[in-house]
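Enquirer: For reference, the structure I am asking about is given below.
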Amino acid sequence: MGYVFCVTNQKGGVGKTTTAVNLAAALARQGRRALLIDLDPQGNATMGSGIDKLALTESVYPLLLGLTTLPRARVRAEQAGYDVVGANRELAGAEVELVELPRREYRLADAIAPWVAHYDLVLIDCPPSLSLLTLNALCAAHGVIIPMQCEYFALEGLSDLANTIKRVRSGLNPKLEIIGLLRVMFDPRVTLQQQVSEELARHFGEKVFQTVIPRNVRLAEAPSHGLPGVCFDPRSAGAKAYLAFAEELITRLGLAESSPTVGESVT
């Protein structure tokens, strides 16, 4: 059985898409079968995977509406080694159309359920808001990975997100849990960031991943080349950190004991 995790934070600009794309690429580098679902109408995860969102013939939009299937909607991020269900601005209209559909909160869960077992991990990149799209991700997922900066306002946003997850778990998806908090864009020279990092570790304990993603210019440059940072410059500090994060996640899930498979597209 594959795991489904959404990468989310209700605060924008916290490295959410960077985390989703680079984690997928890092997992693929370690021989794991990964699927990335872009659920943000901006389509940044799609473009960051080297896929032209304007050229998509199928996407997550018709998948949510039940007009296509996952095998038809996914494309291969050839250089990165994982599958992608892409998104473009068509997805912005899905909010209105989903409201009238049956099982509107479970459209994504229903669409991917027959195929989840074909992957080791399915990652869902969410928009930076609590929308019906984000709700679909939370209802489809086993857990949530929360990337966050070690800043004061990030703590306030984390409290809101934790309450949202709690409400979804109690009313819509009882299996949903917080997998862990990932500290991103970290600069050890900033005293406040060190203090917030220590406070997170003290308060959330094992829910905080040991891996810390540094602020790194190569990670920021990678999307303009249509590549995850892990593929753009594997020797950079940011790429090495995401590879370490993938290893930590695999160990935490107990997948380290299972033999990885060659990262090929799943039929």
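Ligands are numbered from 1 in the order shown, chains are lettered A, B, ... in the order of the structure tokens, and residues start at 1 in each chain.
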Region 42-55 of chain A: which residues within 7 Å, counting only C-alpha atoms, same-chain residues fewer than 5 positions away excluded, as a PDB file with all heavy atoms, in the first residue's frame?
Expert:
ATOM      1  N   THR A  17       5.883  24.305  -2.464  1.00  0.00           N
ATOM      2  CA  THR A  17       6.077  23.679  -3.771  1.00  0.00           C
ATOM      3  C   THR A  17       7.514  23.195  -3.938  1.00  0.00           C
ATOM      4  O   THR A  17       7.758  22.109  -4.482  1.00  0.00           O
ATOM      5  CB  THR A  17       5.706  24.656  -4.899  1.00  0.00           C
ATOM      6  OG1 THR A  17       4.315  24.989  -4.787  1.00  0.00           O
ATOM      7  CG2 THR A  17       5.967  24.043  -6.269  1.00  0.00           C
ATOM      8  N   VAL A  21       8.272  19.235  -4.861  1.00  0.00           N
ATOM      9  CA  VAL A  21       9.009  18.873  -6.070  1.00  0.00           C
ATOM     10  C   VAL A  21      10.330  18.177  -5.723  1.00  0.00           C
ATOM     11  O   VAL A  21      10.678  17.139  -6.301  1.00  0.00           O
ATOM     12  CB  VAL A  21       9.256  20.138  -6.924  1.00  0.00           C
ATOM     13  CG1 VAL A  21      10.275  19.860  -8.013  1.00  0.00           C
ATOM     14  CG2 VAL A  21       7.944  20.625  -7.539  1.00  0.00           C
ATOM     15  N   ALA A  77       7.852  13.089 -15.562  1.00  0.00           N
ATOM     16  CA  ALA A  77       8.936  14.068 -15.429  1.00  0.00           C
ATOM     17  C   ALA A  77      10.226  13.294 -15.698  1.00  0.00           C
ATOM     18  O   ALA A  77      10.822  12.719 -14.785  1.00  0.00           O
ATOM     19  CB  ALA A  77       8.934  14.689 -14.040  1.00  0.00           C
ATOM     20  N   ALA A  80      13.533  14.045 -13.847  1.00  0.00           N
ATOM     21  CA  ALA A  80      13.428  13.924 -12.392  1.00  0.00           C
ATOM     22  C   ALA A  80      13.067  12.509 -11.950  1.00  0.00           C
ATOM     23  O   ALA A  80      13.330  12.121 -10.814  1.00  0.00           O
ATOM     24  CB  ALA A  80      12.399  14.913 -11.856  1.00  0.00           C
ATOM     25  N   GLY A  86      -0.474  17.113 -13.603  1.00  0.00           N
ATOM     26  CA  GLY A  86      -0.217  18.548 -13.653  1.00  0.00           C
ATOM     27  C   GLY A  86      -1.458  19.400 -13.470  1.00  0.00           C
ATOM     28  O   GLY A  86      -2.599  18.919 -13.460  1.00  0.00           O
ATOM     29  N   ALA A  87      -1.203  20.691 -13.314  1.00  0.00           N
ATOM     30  CA  ALA A  87      -2.285  21.661 -13.143  1.00  0.00           C
ATOM     31  C   ALA A  87      -1.972  22.912 -13.958  1.00  0.00           C
ATOM     32  O   ALA A  87      -0.817  23.247 -14.203  1.00  0.00           O
ATOM     33  CB  ALA A  87      -2.446  22.032 -11.667  1.00  0.00           C
ATOM     34  N   ASN A  88      -3.034  23.586 -14.361  1.00  0.00           N
ATOM     35  CA  ASN A  88      -2.901  24.899 -14.987  1.00  0.00           C
ATOM     36  C   ASN A  88      -4.097  25.757 -14.555  1.00  0.00           C
ATOM     37  O   ASN A  88      -4.836  25.373 -13.642  1.00  0.00           O
ATOM     38  CB  ASN A  88      -2.809  24.777 -16.523  1.00  0.00           C
ATOM     39  CG  ASN A  88      -3.928  23.915 -17.096  1.00  0.00           C
ATOM     40  OD1 ASN A  88      -5.051  23.924 -16.589  1.00  0.00           O
ATOM     41  ND2 ASN A  88      -3.628  23.168 -18.143  1.00  0.00           N
ATOM     42  N   ARG A  89      -4.287  26.888 -15.205  1.00  0.00           N
ATOM     43  CA  ARG A  89      -5.310  27.823 -14.733  1.00  0.00           C
ATOM     44  C   ARG A  89      -6.736  27.299 -14.883  1.00  0.00           C
ATOM     45  O   ARG A  89      -7.671  27.861 -14.320  1.00  0.00           O
ATOM     46  CB  ARG A  89      -5.160  29.173 -15.428  1.00  0.00           C
ATOM     47  CG  ARG A  89      -3.853  29.863 -15.072  1.00  0.00           C
ATOM     48  CD  ARG A  89      -3.946  31.372 -15.157  1.00  0.00           C
ATOM     49  NE  ARG A  89      -2.720  32.001 -14.649  1.00  0.00           N
ATOM     50  CZ  ARG A  89      -2.518  32.294 -13.377  1.00  0.00           C
ATOM     51  NH1 ARG A  89      -3.450  32.013 -12.488  1.00  0.00           N
ATOM     52  NH2 ARG A  89      -1.395  32.861 -13.003  1.00  0.00           N
ATOM     53  N   PRO A 223      13.779  26.165 -10.552  1.00  0.00           N
ATOM     54  CA  PRO A 223      12.523  26.201 -11.308  1.00  0.00           C
ATOM     55  C   PRO A 223      12.629  26.904 -12.656  1.00  0.00           C
ATOM     56  O   PRO A 223      11.928  26.542 -13.608  1.00  0.00           O
ATOM     57  CB  PRO A 223      11.577  26.955 -10.364  1.00  0.00           C
ATOM     58  CG  PRO A 223      12.123  26.720  -9.004  1.00  0.00           C
ATOM     59  CD  PRO A 223      13.614  26.697  -9.184  1.00  0.00           C
ATOM     60  N   GLY A 226      13.325  24.489 -15.154  1.00  0.00           N
ATOM     61  CA  GLY A 226      12.369  23.390 -15.277  1.00  0.00           C
ATOM     62  C   GLY A 226      12.832  22.123 -14.609  1.00  0.00           C
ATOM     63  O   GLY A 226      12.529  21.022 -15.079  1.00  0.00           O
ATOM     64  N   LEU A 227      13.556  22.263 -13.496  1.00  0.00           N
ATOM     65  CA  LEU A 227      14.086  21.096 -12.794  1.00  0.00           C
ATOM     66  C   LEU A 227      13.960  21.290 -11.284  1.00  0.00           C
ATOM     67  O   LEU A 227      14.063  22.416 -10.792  1.00  0.00           O
ATOM     68  CB  LEU A 227      15.567  20.876 -13.130  1.00  0.00           C
ATOM     69  CG  LEU A 227      15.931  20.351 -14.509  1.00  0.00           C
ATOM     70  CD1 LEU A 227      17.442  20.418 -14.699  1.00  0.00           C
ATOM     71  CD2 LEU A 227      15.440  18.922 -14.680  1.00  0.00           C
ATOM     72  N   PRO A 228      13.742  20.197 -10.541  1.00  0.00           N
ATOM     73  CA  PRO A 228      13.904  20.277  -9.088  1.00  0.00           C
ATOM     74  C   PRO A 228      15.361  20.573  -8.768  1.00  0.00           C
ATOM     75  O   PRO A 228      16.265  20.202  -9.522  1.00  0.00           O
ATOM     76  CB  PRO A 228      13.503  18.878  -8.608  1.00  0.00           C
ATOM     77  CG  PRO A 228      12.744  18.262  -9.742  1.00  0.00           C
ATOM     78  CD  PRO A 228      13.321  18.859 -10.993  1.00  0.00           C
TER      79      PRO A 228
END
Enquirer: According to DSSP computed on the backbone, where in region 31-246 of chain A is there strand (DSSP E)? Give the residues as an mmCIF file with C-alpha atoms, in the first residue's frame.
Expert:
data_model
loop_
_atom_site.group_PDB
_atom_site.id
_atom_site.type_symbol
_atom_site.label_atom_id
_atom_site.label_comp_id
_atom_site.auth_asym_id
_atom_site.auth_seq_id
_atom_site.Cartn_x
_atom_site.Cartn_y
_atom_site.Cartn_z
ATOM 1 C CA ALA A 34 6.683 8.650 -6.604
ATOM 2 C CA LEU A 35 3.671 10.511 -7.935
ATOM 3 C CA LEU A 36 3.294 14.278 -7.560
ATOM 4 C CA ILE A 37 -0.196 15.769 -7.866
ATOM 5 C CA ASP A 38 -0.264 19.518 -8.472
ATOM 6 C CA ARG A 74 -0.351 11.670 -15.462
ATOM 7 C CA VAL A 75 2.778 12.527 -17.395
ATOM 8 C CA ARG A 76 6.397 11.601 -16.782
ATOM 9 C CA ALA A 77 8.936 14.068 -15.429
ATOM 10 C CA TYR A 82 8.643 10.621 -11.126
ATOM 11 C CA ASP A 83 5.075 10.862 -12.423
ATOM 12 C CA VAL A 84 3.090 14.108 -12.337
ATOM 13 C CA VAL A 85 -0.595 14.960 -12.545
ATOM 14 C CA LEU A 121 4.471 7.722 -2.062
ATOM 15 C CA VAL A 122 1.928 10.074 -3.566
ATOM 16 C CA LEU A 123 2.593 13.750 -2.806
ATOM 17 C CA ILE A 124 -0.052 16.441 -3.228
ATOM 18 C CA ASP A 125 1.057 20.058 -3.576
ATOM 19 C CA GLY A 143 -0.881 12.503 6.505
ATOM 20 C CA VAL A 144 0.373 16.055 6.196
ATOM 21 C CA ILE A 145 3.913 17.337 5.764
ATOM 22 C CA ILE A 146 4.132 20.966 6.850
ATOM 23 C CA PRO A 147 7.038 23.033 5.519
ATOM 24 C CA MET A 148 7.543 26.179 7.576
ATOM 25 C CA GLU A 177 -2.418 12.936 10.880
ATOM 26 C CA ILE A 178 0.490 15.332 10.931
ATOM 27 C CA ILE A 179 3.507 13.392 9.663
ATOM 28 C CA GLY A 180 5.946 16.098 10.560
ATOM 29 C CA LEU A 181 7.098 19.705 10.424
ATOM 30 C CA LEU A 182 9.941 20.516 8.054
ATOM 31 C CA ARG A 183 12.036 23.590 8.788
ATOM 32 C CA VAL A 184 12.848 25.272 5.468
ATOM 33 C CA MET A 185 14.766 28.330 4.240
ATOM 34 C CA PHE A 186 16.711 28.166 7.463
ATOM 35 C CA VAL A 208 9.692 17.864 13.863
ATOM 36 C CA PHE A 209 11.925 16.310 11.206
ATOM 37 C CA GLN A 210 15.585 16.304 12.138
ATOM 38 C CA THR A 211 16.535 17.408 8.637
ATOM 39 C CA VAL A 212 16.665 21.174 8.170
ATOM 40 C CA ILE A 213 16.535 22.715 4.687
ATOM 41 C CA PRO A 214 18.895 25.695 4.403
#
Enquirer: Counting only C-alpha atoms, which residues in region 83-130 of chain A sit no more than 12 Å from region 238-261 of chain A? For each one, give the nearest pair of atoms and the distance in Å, sorted by chain then residue number, as a tab-separated table.
Expert:
residue	atom	partner	partner_atom	distance
A:His118	CA	A:Thr261	CA	11.1
A:Tyr119	CA	A:Thr261	CA	10.0
A:Asp120	CA	A:Leu255	CA	8.5
A:Leu121	CA	A:Ile250	CA	9.6
Enquirer: From the options A:Pro71, A:Pro114, A:Pro41, A:Pro174, which residue's atoms come nearest to Leu91 (chain A), counting only C-alpha atoms?
Expert: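 Nearest to Leu91 (chain A): A:Pro41.
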Enquirer: Could you tell me, as a PyMOL selection string, which residues of region 191-225 of chain A DSSP assigns to alpha helix (DSSP H) when given the backbone?
Expert: chain A and resi 191-204+217-221
Enquirer: Can you work out which one of A:Gly31, A:Thr18, A:Val190, A:Lys166 has the shortest atom-to-atom distance to Glu221 (chain A), counting only C-alpha atoms?
Expert: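 Of the candidates, the smallest distance to Glu221 (chain A) is held by A:Thr18.
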Enquirer: Of the candidates A:Ala162, A:Ala137, A:Cys150, A:Glu105, which shows the shortest atom-to-atom distance to Gln194 (chain A), using only C-alpha atoms?
Expert: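 Counting only C-alpha atoms, the residue closest to Gln194 (chain A) is A:Cys150.
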Enquirer: By how many Å are CA of Arg167 (chain A) and CA of Val99 (chain A) apart?
Expert: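 So the two atoms, CA of Arg167 (chain A) and CA of Val99 (chain A), lie 19.4 Å apart.
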Enquirer: Write out as a list in words the residues lying within 12 Å of Asp160 (chain A), counting only C-alpha atoms and excluding same-chain residues fewer than 4 positions away.
Expert: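 Non-adjacent residues within range: Asn9, Gln10, Lys11, Ser129, Leu130, Phe153, Ala154, Leu155, Glu156, Thr164, Ile165, Lys166 and Arg167 of chain A.
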Enquirer: Grab the residues selected above and save them as a tab-separated table (two decimals), in the first residue's frame with N, CA and C atoms.
Expert:
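Result saved to out-v3.tsv:
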chain	number	residue	atom	x	y	z
A	9	ASN	N	0.56	24.30	3.70
A	9	ASN	CA	0.67	25.34	4.71
A	9	ASN	C	-0.24	26.47	4.25
A	10	GLN	N	-1.10	26.95	5.13
A	10	GLN	CA	-2.04	27.99	4.74
A	10	GLN	C	-1.35	29.32	4.49
A	11	LYS	N	-0.10	29.43	4.90
A	11	LYS	CA	0.69	30.64	4.65
A	11	LYS	C	1.46	30.47	3.35
A	129	SER	N	-4.11	28.12	0.76
A	129	SER	CA	-5.35	28.60	1.36
A	129	SER	C	-6.20	27.38	1.71
A	130	LEU	N	-7.15	27.59	2.60
A	130	LEU	CA	-8.06	26.51	2.94
A	130	LEU	C	-9.25	26.57	2.00
A	153	PHE	N	5.50	34.80	12.63
A	153	PHE	CA	4.17	34.67	12.02
A	153	PHE	C	3.90	33.24	11.55
A	154	ALA	N	4.95	32.50	11.27
A	154	ALA	CA	4.77	31.10	10.86
A	154	ALA	C	4.17	30.28	11.99
A	155	LEU	N	4.49	30.63	13.22
A	155	LEU	CA	3.92	29.92	14.38
A	155	LEU	C	2.43	30.13	14.47
A	156	GLU	N	1.97	31.36	14.20
A	156	GLU	CA	0.54	31.63	14.21
A	156	GLU	C	-0.18	30.82	13.13
A	164	THR	N	-7.24	23.15	11.66
A	164	THR	CA	-7.91	22.70	10.44
A	164	THR	C	-7.78	21.18	10.29
A	165	ILE	N	-6.57	20.68	10.49
A	165	ILE	CA	-6.32	19.24	10.38
A	165	ILE	C	-7.16	18.48	11.40
A	166	LYS	N	-7.26	19.04	12.59
A	166	LYS	CA	-8.04	18.40	13.64
A	166	LYS	C	-9.52	18.32	13.25
A	167	ARG	N	-10.04	19.39	12.65
A	167	ARG	CA	-11.45	19.39	12.23
A	167	ARG	C	-11.70	18.40	11.10
Enquirer: Using only C-alpha atoms, which of A:Val7, A:Leu65, A:Ile112, A:Ala141 sits nearest Asn22 (chain A)?
Expert: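 Ranking A:Val7, A:Leu65, A:Ile112, A:Ala141 by distance to Asn22 (chain A), first place goes to A:Val7.
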Enquirer: Which residues are close to Leu63 (chain A), i.e. within 10 Å by only C-alpha atoms, leaving aside same-chain residues fewer than 5 positions away? Reply as a list in words.
Expert: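 Returned residues: Glu58, Thr68, Thr69, Leu70, Arg72, Ala73, Arg74, Val85, Arg107, Leu108, Asp110, Ala111 and Ile112 of chain A.
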Enquirer: If I take CA of Cys126 (chain A) and CA of Pro102 (chain A), how far is one from the other in Å, to one decimal?
Expert: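 Between these atoms lies a distance of 21.5 Å.
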Enquirer: Find the spatial neighbours of Val168 (chain A), counting only C-alpha atoms, within a cut-off of 9 Å - ignore same-chain residues fewer than 5 positions away - and output them as a list of chain:residue names.
Expert: A:Leu135, A:Leu138, A:Cys139, A:Asn163, A:Asn173, A:Pro174, A:Leu176
